[in-house]
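A quick write-up on the structure given underneath.
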Amino acid sequence: MKLILASGSPRRREILSNAGIKFTVVTSDADETLPDGIEAVDAVKLLAERKARATAAAHPELAGEEYVILAADTVVENFGEILGKPADKDDARRMVTMLSGYGHSAHTGICLLYNGNAVTSSETTYVTFDDMTPEEIEEYVSSGEPYDKAGAYAIQGKASLYIAGITGDFFNVMGLPIHAVNVLLRDSFGMRLTDFD
């Protein structure tokens, strides 16, 4: 059995690698536009499934029984606004300023696609930021770290200096709730992440 990670995210690769999971990265473009008014949890599950199905469609050789495709999508939700990856420095500054001094939710949707059957799930972690001074915000935004991260921060990076606490799965905030993936794989298909070679 082979696990296909349908994501170019270095954080997701790192989480799987550190857990000793064998996988191959295969990505393809998926439509990431969202319907108006969609809830954040529904959005991440929808996007994760789109990514998995887009990868399967672009690579028909992965449709066999020997492959499981794993896709994920992460957003930050703050005061009801879905925060994806910032478009530019001003957008990153706006997001980090919104997060400063408040708690927010990090949502990750996961999708497993096996033998044409897709199952999805999601995980939510609550993250609390300390108050940041305008100078600290500017220093962080100028570090370059926020630009390919949902909510414009990396919990495992420089942003860790300002995170007062989390409730839930740390790896979820990084982009892949590996425990939830293992449970979904077990409950849906009778497999475990350690089964792949």
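Ligands are numbered from 1 in the order shown, residues from 1 within each chain, and chains are lettered A, B, ... in the order they appear in the structure tokens.
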>> If we count only C-alpha atoms and set the cut-off at 9 Å, which residues sit around A:Thr74, ignoring sequence neighbours fewer than 4 positions away in its own chain? Please answer as a PyMOL selection string.
In response: chain A and resi 44+48+84+106-110+149-150+172-176
> Looking only at the backbone, which of the residues in chain A does DSSP tag as strand (DSSP E), as a PyMOL selection string?
Replying inline: chain A and resi 2-5+24-25+67-78+81-83+103-114+117-129+163-167
>> With distances taken over only C-alpha atoms, which residue among A:Leu16, A:Val119, A:Val183, A:Ile82 lies nearest A:Leu46?
In response: A:Val119
> Which value, in Å to one decimal, gives the distance between atom CA of A:Phe129 and atom CA of A:Val41?
Replying inline: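 We find that atom CA of A:Phe129 and atom CA of A:Val41 lie 21.1 Å from each other.
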> Could you name the residues that touch A:Thr24 at 8 Å or less, counting only C-alpha atoms, but leaving out those on the same chain fewer than 2 positions away, as a list in words?
Replying inline: Lys2, Leu3, Ile4, Leu5, Lys22 and Val26 of chain A
> Which residues, written as a PyMOL selection string, have at least one atom at most 9 Å from A:Glu32, with only C-alpha atoms counted and residues fewer than 2 positions away on the same chain left out?
Replying inline: chain A and resi 29-30+34+47+50-51
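Relative to atom CA of A:Thr128, atom CA of A:Ala152 is found at 14.4 Å.
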> Separation of atom CA of A:Ser28 and atom CA of A:Pro177, in Å?
Replying inline: 21.5 Å
>> Can you pull out every residue from chain A that DSSP, working from the backbone, puts in helix (DSSP H, G or I), and format the result as a PyMOL selection string?
In response: chain A and resi 10-18+40-58+60-63+89-99+134-142+145-148+150-152+158-162+170-174+178-189+193-195
Near-A:Asp90 list (12 Å; only C-alpha atoms; drop same-chain fewer than 5 positions) as an mmCIF file with C-alpha atoms, in the first residue's frame:
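File selection-v6.cif, as written:
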data_model
loop_
_atom_site.group_PDB
_atom_site.id
_atom_site.type_symbol
_atom_site.label_atom_id
_atom_site.label_comp_id
_atom_site.auth_asym_id
_atom_site.auth_seq_id
_atom_site.Cartn_x
_atom_site.Cartn_y
_atom_site.Cartn_z
ATOM 1 C CA MET A 95 -4.118 39.439 9.876
ATOM 2 C CA VAL A 96 -1.429 39.461 12.567
ATOM 3 C CA THR A 97 -2.900 42.671 14.013
ATOM 4 C CA ILE A 137 3.997 42.984 14.453
ATOM 5 C CA GLU A 138 6.132 44.825 11.918
ATOM 6 C CA VAL A 141 5.626 40.528 9.132
ATOM 7 C CA SER A 142 9.015 41.644 7.766
ATOM 8 C CA PRO A 146 3.781 34.720 7.293
ATOM 9 C CA TYR A 147 3.436 34.568 3.531
ATOM 10 C CA ALA A 152 -0.197 34.673 8.403
#
>> Residues within 7 Å of A:Thr55, please, as a list in words. Count only C-alpha atoms; anything in the same chain fewer than 3 positions from it doesn't count.
In response: Ala6, Thr27, Ser28, Lys51, Ala52, Ala58 and His59 of chain A
Using only N, CA and C atoms, please write the residues we just selected to a file, as a short mmCIF file (atom, residue, chain, number, x, y, z; two decimals), in the first residue's frame.
data_model
loop_
_atom_site.label_atom_id
_atom_site.label_comp_id
_atom_site.auth_asym_id
_atom_site.auth_seq_id
_atom_site.Cartn_x
_atom_site.Cartn_y
_atom_site.Cartn_z
N ALA A 6 -1.34 14.63 -1.19
CA ALA A 6 -1.73 15.58 -2.23
C ALA A 6 -1.56 16.99 -1.70
N THR A 27 0.99 16.32 -6.37
CA THR A 27 0.03 17.42 -6.26
C THR A 27 -0.57 17.76 -7.62
N SER A 28 -1.68 18.48 -7.57
CA SER A 28 -2.28 19.03 -8.78
C SER A 28 -3.12 20.22 -8.38
N LYS A 51 -8.92 18.84 -3.45
CA LYS A 51 -7.50 18.58 -3.70
C LYS A 51 -7.26 17.08 -3.95
N ALA A 52 -7.89 16.25 -3.14
CA ALA A 52 -7.72 14.80 -3.31
C ALA A 52 -8.27 14.36 -4.66
N ALA A 58 -5.93 13.94 -12.15
CA ALA A 58 -4.72 14.25 -12.92
C ALA A 58 -3.77 13.06 -13.02
N HIS A 59 -3.93 12.10 -12.11
CA HIS A 59 -3.03 10.94 -12.07
C HIS A 59 -3.87 9.66 -11.96
#
> From the set A:Asp131, A:Glu123, A:Asp187, A:Asp91, which residue has the shortest atom-to-atom contact distance to A:Asp148, counting only C-alpha atoms?
Replying inline: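 Ranking A:Asp131, A:Glu123, A:Asp187, A:Asp91 by distance to A:Asp148, first place goes to A:Asp91.
Residue nearest A:Ile163, chosen from A:His104, A:Arg192, A:Arg94, A:Arg53 and counting only C-alpha atoms: A:His104.
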> Using only C-alpha atoms, which of the listed residues (A:Ile178, A:Asn117, A:Asp169, A:Glu49) sits closest to A:Val68?
Replying inline: A:Asn117
> From the set A:Glu65, A:Gly151, A:Glu145, A:Lys85, which residue has the shortest atom-to-atom contact distance to A:Leu113, counting only C-alpha atoms?
Replying inline: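 Checking each of A:Glu65, A:Gly151, A:Glu145, A:Lys85 against A:Leu113, counting only C-alpha atoms, the winner is A:Glu65.
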>> I'd like the contact shell of A:Gly165 - 12 Å cut-off, only C-alpha atoms, skipping same-chain residues fewer than 2 positions apart - returned as a ChimeraX atom specification.
In response: /A:101-104,125-130,155,159-163,167-170
Emit the selected residues as an mmCIF file, in the first residue's frame, including N, CA and C atoms.
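As a result, again-v6.cif now contains:
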data_model
loop_
_atom_site.group_PDB
_atom_site.id
_atom_site.type_symbol
_atom_site.label_atom_id
_atom_site.label_comp_id
_atom_site.auth_asym_id
_atom_site.auth_seq_id
_atom_site.Cartn_x
_atom_site.Cartn_y
_atom_site.Cartn_z
ATOM 1 N N GLY A 101 -3.494 39.586 20.804
ATOM 2 C CA GLY A 101 -4.295 39.816 22.005
ATOM 3 C C GLY A 101 -5.587 39.018 22.080
ATOM 4 N N TYR A 102 -5.829 38.152 21.110
ATOM 5 C CA TYR A 102 -7.101 37.415 21.067
ATOM 6 C C TYR A 102 -6.864 35.924 20.829
ATOM 7 N N GLY A 103 -7.931 35.169 21.026
ATOM 8 C CA GLY A 103 -7.936 33.767 20.669
ATOM 9 C C GLY A 103 -8.617 33.583 19.326
ATOM 10 N N HIS A 104 -8.236 32.536 18.621
ATOM 11 C CA HIS A 104 -8.852 32.236 17.329
ATOM 12 C C HIS A 104 -8.859 30.726 17.125
ATOM 13 N N THR A 125 -8.435 23.621 16.523
ATOM 14 C CA THR A 125 -7.581 23.939 17.672
ATOM 15 C C THR A 125 -7.741 25.416 17.985
ATOM 16 N N TYR A 126 -7.856 25.722 19.266
ATOM 17 C CA TYR A 126 -8.017 27.112 19.701
ATOM 18 C C TYR A 126 -6.656 27.653 20.113
ATOM 19 N N VAL A 127 -6.260 28.779 19.536
ATOM 20 C CA VAL A 127 -4.935 29.371 19.766
ATOM 21 C C VAL A 127 -5.101 30.771 20.329
ATOM 22 N N THR A 128 -4.341 31.076 21.375
ATOM 23 C CA THR A 128 -4.398 32.409 21.980
ATOM 24 C C THR A 128 -3.079 33.138 21.756
ATOM 25 N N PHE A 129 -3.176 34.336 21.169
ATOM 26 C CA PHE A 129 -2.011 35.188 20.960
ATOM 27 C C PHE A 129 -1.900 36.182 22.105
ATOM 28 N N ASP A 130 -0.673 36.471 22.520
ATOM 29 C CA ASP A 130 -0.398 37.548 23.454
ATOM 30 C C ASP A 130 -0.548 38.882 22.723
ATOM 31 N N ILE A 155 3.011 28.495 13.834
ATOM 32 C CA ILE A 155 3.058 28.227 15.279
ATOM 33 C C ILE A 155 4.403 27.648 15.701
ATOM 34 N N ALA A 159 6.466 32.948 15.335
ATOM 35 C CA ALA A 159 5.208 33.306 15.998
ATOM 36 C C ALA A 159 5.084 32.656 17.368
ATOM 37 N N SER A 160 5.847 31.587 17.614
ATOM 38 C CA SER A 160 5.765 30.896 18.910
ATOM 39 C C SER A 160 6.105 31.831 20.070
ATOM 40 N N LEU A 161 6.843 32.892 19.794
ATOM 41 C CA LEU A 161 7.184 33.871 20.834
ATOM 42 C C LEU A 161 5.954 34.582 21.382
ATOM 43 N N TYR A 162 4.864 34.580 20.598
ATOM 44 C CA TYR A 162 3.684 35.372 20.965
ATOM 45 C C TYR A 162 2.459 34.513 21.248
ATOM 46 N N ILE A 163 2.606 33.202 21.219
ATOM 47 C CA ILE A 163 1.457 32.328 21.442
ATOM 48 C C ILE A 163 1.404 31.946 22.916
ATOM 49 N N THR A 167 -5.417 25.081 22.826
ATOM 50 C CA THR A 167 -6.294 24.016 23.298
ATOM 51 C C THR A 167 -6.600 23.137 22.101
ATOM 52 N N GLY A 168 -6.089 21.900 22.135
ATOM 53 C CA GLY A 168 -6.295 21.004 21.010
ATOM 54 C C GLY A 168 -4.980 20.505 20.451
ATOM 55 N N ASP A 169 -5.030 20.058 19.211
ATOM 56 C CA ASP A 169 -3.910 19.399 18.539
ATOM 57 C C ASP A 169 -2.930 20.423 17.954
ATOM 58 N N PHE A 170 -1.701 20.421 18.454
ATOM 59 C CA PHE A 170 -0.658 21.320 17.947
ATOM 60 C C PHE A 170 -0.425 21.104 16.450
#
